[in-house]
file structure_0.cif (mmCIF, C-alpha atoms)
data_work
loop_
_atom_site.label_atom_id
_atom_site.label_comp_id
_atom_site.auth_asym_id
_atom_site.auth_seq_id
_atom_site.Cartn_x
_atom_site.Cartn_y
_atom_site.Cartn_z
CA MET S 1 48.24 95.81 90.11
CA GLU S 2 45.27 97.93 91.09
CA VAL S 3 46.32 100.69 88.72
CA ASN S 4 46.44 98.18 85.87
CA ILE S 5 42.93 96.99 86.66
CA PHE S 6 41.65 100.54 86.60
CA ILE S 7 43.22 101.10 83.21
CA ALA S 8 41.62 97.93 81.89
CA ARG S 9 38.23 98.95 83.25
CA PHE S 10 38.17 102.48 81.95
CA ASP S 11 40.07 102.23 78.67
CA PHE S 12 38.72 99.16 76.94
CA PRO S 13 34.97 99.91 76.92
CA SER S 14 35.62 103.18 75.10
CA ILE S 15 37.24 101.32 72.21
CA ARG S 16 34.28 99.03 71.60
CA SER S 17 30.61 99.87 71.37
CA GLU S 18 28.15 98.28 73.77
CA ASN S 19 26.64 95.91 71.21
CA GLN S 20 30.03 94.57 70.26
CA GLU S 21 30.82 93.98 73.91
CA LYS S 22 27.54 92.11 74.39
CA GLU S 23 28.33 89.97 71.36
CA MET S 24 31.78 89.26 72.70
CA GLU S 25 30.37 88.25 76.05
CA ALA S 26 27.78 86.04 74.37
CA VAL S 27 30.46 84.35 72.29
CA GLY S 28 32.47 83.40 75.36
CA GLY S 29 33.75 86.32 77.37
CA SER S 30 36.74 87.08 75.15
CA GLY S 31 38.30 90.50 74.59
CA SER S 32 38.43 93.18 77.24
CA SER S 33 36.43 91.21 79.80
CA GLU S 34 38.96 88.38 79.55
CA VAL S 35 41.83 90.80 80.11
CA GLU S 36 39.93 92.22 83.07
CA ASN S 37 39.27 88.75 84.46
CA ASP S 38 42.89 87.83 84.03
CA LEU S 39 44.05 90.94 85.90
CA GLU S 40 41.48 90.43 88.61
CA MET S 41 42.49 86.79 88.96
CA LYS S 42 46.14 87.78 89.33
CA LEU S 43 45.21 90.32 91.98
CA LEU S 44 43.13 87.81 93.91
CA ARG S 45 45.85 85.21 93.65
CA ASP S 46 48.41 87.63 95.06
CA ARG S 47 46.12 88.55 97.93
CA PHE S 48 45.50 84.89 98.65
CA ARG S 49 49.24 84.22 98.71
CA LEU S 50 49.85 87.16 101.04
CA SER S 51 47.28 85.93 103.54
CA ALA S 52 48.60 82.37 103.28
CA ILE S 53 52.13 83.64 103.94
CA SER S 54 50.97 85.62 106.96
CA ILE S 55 49.20 82.55 108.41
CA ALA S 56 52.26 80.36 107.86
CA GLU S 57 54.66 82.89 109.39
CA SER S 58 52.46 83.40 112.45
CA GLN S 59 52.35 79.63 112.95
CA VAL S 60 56.13 79.39 112.68
CA SER S 61 56.69 82.24 115.13
CA LYS S 62 54.27 80.56 117.56
CA ASN S 63 56.57 77.54 117.60
CA GLY S 64 59.63 79.76 118.10
CA MET S 65 61.33 78.69 114.86
CA GLU S 66 62.56 80.42 111.75
CA VAL S 67 61.55 79.68 108.19
CA SER S 68 63.22 80.23 104.85
CA LYS S 69 61.35 82.31 102.27
CA VAL S 70 61.33 79.49 99.74
CA VAL S 71 59.36 77.25 102.08
CA VAL S 72 56.78 79.95 102.81
CA ALA S 73 56.30 80.64 99.11
CA CYS S 74 55.98 76.92 98.44
CA VAL S 75 53.32 76.55 101.14
CA ALA S 76 51.38 79.49 99.69
CA ASP S 77 51.52 78.05 96.18
CA LEU S 78 50.49 74.65 97.49
CA ALA S 79 47.50 76.19 99.25
CA PHE S 80 46.50 78.04 96.07
CA LYS S 81 46.60 74.87 93.99
CA TYR S 82 44.64 73.05 96.66
CA THR S 83 42.06 75.85 96.54
CA GLU S 84 41.65 75.49 92.78
CA ARG S 85 41.00 71.76 93.18
CA LEU S 86 38.63 72.43 96.05
CA ALA S 87 36.65 75.02 94.08
CA LYS S 88 36.22 72.65 91.14
CA ASP S 89 35.02 69.90 93.48
CA LEU S 90 32.57 72.24 95.21
CA GLN S 91 31.13 73.41 91.89
CA LEU S 92 30.63 69.84 90.74
CA PHE S 93 28.98 68.86 94.04
CA ALA S 94 26.57 71.79 93.85
CA GLN S 95 25.72 71.03 90.22
CA HIS S 96 25.16 67.38 91.06
CA ALA S 97 22.66 68.38 93.76
CA ASN S 98 20.87 70.66 91.23
CA ARG S 99 21.79 73.73 93.24
CA LYS S 100 23.16 77.03 92.03
CA SER S 101 25.00 77.86 95.26
CA VAL S 102 27.60 75.91 97.22
CA ASN S 103 26.43 74.71 100.62
CA MET S 104 28.24 73.96 103.90
CA GLU S 105 27.50 70.27 103.38
CA ASP S 106 29.44 70.38 100.11
CA VAL S 107 32.52 71.70 101.90
CA ILE S 108 32.28 68.98 104.54
CA LEU S 109 31.84 66.42 101.78
CA CYS S 110 35.12 67.60 100.22
CA ALA S 111 36.98 66.47 103.36
CA HIS S 112 35.12 63.19 103.83
CA ARG S 113 38.26 61.05 103.40
CA ASN S 114 39.85 62.49 106.54
CA GLU S 115 37.66 61.76 109.54
CA HIS S 116 39.42 64.21 111.85
CA LEU S 117 39.14 66.98 109.30
CA SER S 118 35.46 66.36 108.58
CA GLY S 119 34.73 66.28 112.31
CA LEU S 120 36.57 69.57 112.77
CA LEU S 121 34.63 71.15 109.88
CA ARG S 122 31.35 69.82 111.22
CA THR S 123 31.88 71.39 114.65
CA PHE S 124 32.92 74.64 112.96
CA SER S 125 29.79 74.61 110.78
CA ASN S 126 27.61 73.99 113.86
CA ASP S 127 29.26 76.97 115.58
CA LEU S 128 28.59 79.09 112.49
CA LYS S 129 24.94 78.05 112.45
CA VAL S 130 24.53 78.93 116.14
CA LYS S 131 26.20 82.30 115.57
CA ASP S 132 23.96 83.00 112.59
CA ARG S 133 20.86 82.22 114.62
CA GLN S 134 21.98 84.48 117.46
CA TYR S 135 22.74 87.25 114.98
CA GLU S 136 19.33 86.90 113.36
CA ARG S 137 17.60 87.01 116.75
CA LYS S 138 19.52 90.14 117.68
CA ARG S 139 18.61 91.74 114.39
CA LYS S 140 14.94 90.86 114.81
CA LYS S 141 14.99 92.32 118.32
CA GLU S 142 16.60 95.48 117.05
CA VAL S 143 14.02 95.75 114.31
CA LYS S 144 11.24 95.36 116.88
CA LYS S 145 12.79 98.03 119.08
CA ASN S 146 13.07 100.37 116.14
CA ASP S 147 9.43 99.72 115.29
CA LYS S 148 8.42 100.55 118.85
CA THR S 149 10.39 103.77 118.86
CA THR S 150 8.87 104.83 115.56
CA ILE S 151 5.37 104.10 116.86
CA MET K 1 -4.60 85.36 38.54
CA PHE K 2 -7.46 87.85 38.64
CA LEU K 3 -6.69 88.94 35.08
CA PHE K 4 -6.98 85.34 34.00
CA PHE K 5 -10.30 85.07 35.85
CA PHE K 6 -11.84 88.20 34.30
CA GLY K 7 -10.47 87.34 30.87
CA ASP K 8 -12.27 84.07 31.17
CA LEU K 9 -15.50 85.88 32.02
CA LEU K 10 -15.21 88.19 29.02
CA ILE K 11 -14.32 85.52 26.52
CA SER K 12 -16.80 82.86 27.58
CA ASN K 13 -20.35 84.10 27.78
CA ALA K 14 -21.81 80.63 27.91
CA ASN K 15 -22.51 79.25 31.36
CA TYR K 16 -21.30 75.73 30.75
CA ILE K 17 -17.76 76.91 29.96
CA TRP K 18 -17.63 79.67 32.60
CA PHE K 19 -18.47 77.59 35.63
CA PRO K 20 -15.68 74.93 35.40
CA SER K 21 -13.07 77.52 34.51
CA PHE K 22 -14.14 79.60 37.52
CA LEU K 23 -13.71 76.55 39.74
CA LEU K 24 -10.28 75.94 38.25
CA THR K 25 -9.17 79.51 38.84
CA MET K 26 -10.45 79.46 42.42
CA CYS K 27 -8.56 76.23 43.00
CA CYS K 28 -5.44 77.88 41.58
CA VAL K 29 -5.88 80.88 43.85
CA ILE K 30 -6.37 78.71 46.91
CA LEU K 31 -3.35 76.58 46.00
CA PHE K 32 -1.20 79.65 45.46
CA TYR K 33 -2.18 81.14 48.82
CA CYS K 34 -1.63 77.80 50.51
CA CYS K 35 1.83 77.53 49.01
CA ALA K 36 2.72 81.05 50.08
CA HIS K 37 1.39 80.44 53.57
CA LEU K 38 3.19 77.13 53.81
CA GLN K 39 6.46 78.77 52.84
CA HIS K 40 5.90 81.42 55.47
CA LEU K 41 5.07 78.79 58.06
CA VAL K 42 8.16 76.74 57.25
CA ALA K 43 10.34 79.84 57.38
CA GLY K 44 8.83 80.73 60.77
CA ARG K 45 9.50 77.23 62.06
CA ILE K 46 13.13 77.40 61.04
CA PHE K 47 13.53 80.77 62.70
CA GLN K 48 11.89 79.44 65.84
CA PHE K 49 14.24 76.48 65.88
CA GLN K 50 17.21 78.82 65.53
CA SER K 51 16.09 80.95 68.46
CA LEU K 52 15.40 77.84 70.53
CA TYR K 53 18.87 76.55 69.76
CA ARG K 54 20.41 79.85 70.83
CA VAL K 55 18.48 79.88 74.12
CA GLY K 56 19.38 76.26 74.77
CA ALA K 57 23.06 76.94 74.19
CA GLY K 58 22.96 79.87 76.59
CA SER K 59 21.33 78.09 79.49
CA SER K 60 23.19 74.81 79.25
CA LYS K 61 24.65 73.24 82.35
CA LYS K 62 28.23 74.03 81.36
CA ASN K 63 27.74 77.78 81.22
CA ARG K 64 25.73 78.02 84.42
CA THR K 65 27.50 80.09 87.03
CA THR K 66 27.74 78.68 90.53
CA SER K 67 27.90 80.97 93.55
CA ALA K 68 28.93 80.15 97.10
CA ASN K 69 27.05 80.55 100.34
CA ALA K 70 28.54 83.00 102.87
CA SER K 71 28.86 80.33 105.56
CA ALA K 72 30.24 77.86 103.01
CA LEU K 73 32.91 80.39 102.14
CA LYS K 74 33.82 80.78 105.81
CA LEU K 75 34.04 77.01 106.14
CA THR K 76 36.31 76.82 103.09
CA CYS K 77 38.54 79.49 104.61
CA GLU K 78 38.76 77.44 107.79
CA LEU K 79 39.68 74.36 105.75
CA LEU K 80 42.46 76.25 103.98
CA ARG K 81 43.73 77.68 107.26
CA VAL K 82 43.88 74.15 108.69
CA PHE K 83 45.75 73.02 105.56
CA ILE K 84 48.41 75.71 105.92
CA THR K 85 48.81 75.28 109.67
CA GLU K 86 49.06 71.51 109.26
CA ALA K 87 51.79 71.88 106.63
CA VAL K 88 53.77 74.26 108.84
CA GLN K 89 53.31 72.20 112.01
CA ARG K 90 54.48 68.99 110.35
CA ALA K 91 57.49 70.78 108.86
CA VAL K 92 58.27 72.22 112.31
CA ALA K 93 58.06 68.76 113.86
CA ILE K 94 60.50 67.36 111.30
CA ALA K 95 62.88 70.31 111.78
CA GLU K 96 62.81 69.87 115.56
CA ALA K 97 63.49 66.15 115.19
CA GLU K 98 66.54 66.93 113.07
CA GLY K 99 67.71 69.58 115.53
CA ASP K 100 67.43 72.58 113.17
CA THR K 101 66.10 76.01 114.12
CA GLN K 102 65.14 76.99 110.60
CA ILE K 103 62.66 75.19 108.36
CA GLU K 104 64.27 74.30 105.06
CA ALA K 105 62.87 73.00 101.78
CA THR K 106 63.98 69.43 102.61
CA HIS K 107 61.71 69.38 105.66
CA LEU K 108 58.75 70.45 103.56
CA GLU K 109 59.63 67.86 100.93
CA SER K 110 59.64 65.08 103.50
CA ILE K 111 56.16 65.92 104.82
CA LEU K 112 54.59 66.76 101.45
CA PRO K 113 53.40 63.29 100.29
CA GLN K 114 51.52 62.46 103.48
CA LEU K 115 50.06 65.99 103.63
CA LEU K 116 48.67 65.71 100.12
CA LEU K 117 47.28 62.28 100.92
CA ASP K 118 45.56 63.59 104.04
CA PHE K 119 43.85 66.53 102.30
#

call {"tool": "encode", "arguments": {"input": "structure_0.cif", "output": "structure tokens"}}
result
Amino acid sequence: MEVNIFIARFDFPSIRSENQEKEMEAVGGSGSSEVENDLEMKLLRDRFRLSAISIAESQVSKNGMEVSKVVVACVADLAFKYTERLAKDLQLFAQHANRKSVNMEDVILCAHRNEHLSGLLRTFSNDLKVKDRQYERKRKKEVKKNDKTTI
Amino acid sequence: MFLFFFGDLLISNANYIWFPSFLLTMCCVILFYCCAHLQHLVAGRIFQFQSLYRVGAGSSKKNRTTSANASALKLTCELLRVFITEAVQRAVAIAEAEGDTQIEATHLESILPQLLLDF
């Protein structure tokens, strides 16, 4: 996969001139960039499936059971399709709020139908916020220390 | 236009003919310049509209790219992890209830509708 992506990246631009590429991108991202995107999407999808499979297998081994390969592949595919739906929802939520970036609130809003799930996500987001604050404080302290040492 | 003007001067020495013809020629000149300028203006307008249209098409809401926050991405990962673990745990529960040691496709099938409803 990675070799293919390298070929796509280094071969196609040499065929077209820069202006043509810009025109192609302006028209709608067709041509070499589309091929590149397609390859990159396949690569990302495979990586996603691999991590999903590893999570599922670790869960199964925790329970001391065995699992057939078909089931694991099905779970991975299910998770990928769920991710596509989730991403579309998140994009629409962000656009509706006139934002260019997806927020934590958007993700929690995606799971608003399941109270347990939204509660879980809310606690997780609070933990993340606390961790971020601690990290920022540490960084500021380190910056101050560095300033002192330089002075 | 100028040739016409000077020709007029040469031919008509009398003042009473020269003055109205001069006015006429000046009017013609002004009209001609106005027409030319108007054409230029209109052409410029059209070009401006074209460029405006292009810019508007580029920055429309459909083509706007949306990025994700770092913490939002982490939260999404957590959501997906919960999804996968939930699917596996429910399948395990069904398999244990049926007395099997291996999770088969039938177990997944039986838990799938409720799982999709819950997420």

call {"tool": "closest_residue", "arguments": {"input": "structure_0.cif", "among": "K:Ile103, K:Leu116, K:Leu75, K:Ile111", "to": "Arg90 (chain K)", "atoms": "all atoms listed in the file"}}
result
K:Ile111

call {"tool": "residues_around", "arguments": {"input": "structure_0.cif", "residues": "Ser101 (chain S)", "least_positions_apart": "2", "cutoff": "6 Å", "atoms": "all atoms listed in the file", "output": "PDB file with C-alpha atoms, in the frame of the given file"}}
result
ATOM      1  CA  ARG S  99      21.790  73.730  93.240  1.00  0.00           C
TER       2      ARG S  99
ATOM      3  CA  THR K  66      27.740  78.680  90.530  1.00  0.00           C
ATOM      4  CA  SER K  67      27.900  80.970  93.550  1.00  0.00           C
ATOM      5  CA  ALA K  68      28.930  80.150  97.100  1.00  0.00           C
TER       6      ALA K  68
END

call {"tool": "resolve_selection", "arguments": {"input": "structure_0.cif", "expression": "the PyMOL selection byres ((chain S and resi 92) around 12)", "output": "list in words"}}
result
Arg85, Leu86, Ala87, Lys88, Asp89, Leu90, Gln91, Phe93, Ala94, Gln95, His96, Ala97, Asn98, Arg99, Lys100, Ser101, Val102, Asn103, Asp106, Val107, Leu109 and Cys110 of chain S; Lys61, Lys62, Arg64, Thr65, Thr66 and Ser67 of chain K

call {"tool": "closest_residue", "arguments": {"input": "structure_0.cif", "among": "K:Thr106, K:Val82, K:Thr101, K:Ile94", "to": "chain S", "atoms": "all atoms listed in the file"}}
result
K:Thr101

call {"tool": "resolve_selection", "arguments": {"input": "structure_0.cif", "expression": "the PyMOL selection byres ((chain K) within 12 of (chain S))", "output": "NGL selection string"}}
result
:K and (54-55 or 57-96 or 99-109 or 111-112 or 115-119)

call {"tool": "atom_distance", "arguments": {"input": "structure_0.cif", "atom1": "CA of Gln114 (chain K)", "atom2": "CA of Arg47 (chain S)"}}
result
27.2 Å

call {"tool": "atom_distance", "arguments": {"input": "structure_0.cif", "atom1": "CA of Val35 (chain S)", "atom2": "CA of Leu50 (chain S)"}}
result
22.7 Å

call {"tool": "atom_distance", "arguments": {"input": "structure_0.cif", "atom1": "CA of Leu44 (chain S)", "atom2": "CA of Lys81 (chain S)"}}
result
13.4 Å

call {"tool": "closest_residue", "arguments": {"input": "structure_0.cif", "among": "S:Lys62, S:Glu84, S:Gly119, S:Lys145", "to": "Met41 (chain S)", "atoms": "all atoms listed in the file"}}
result
S:Glu84
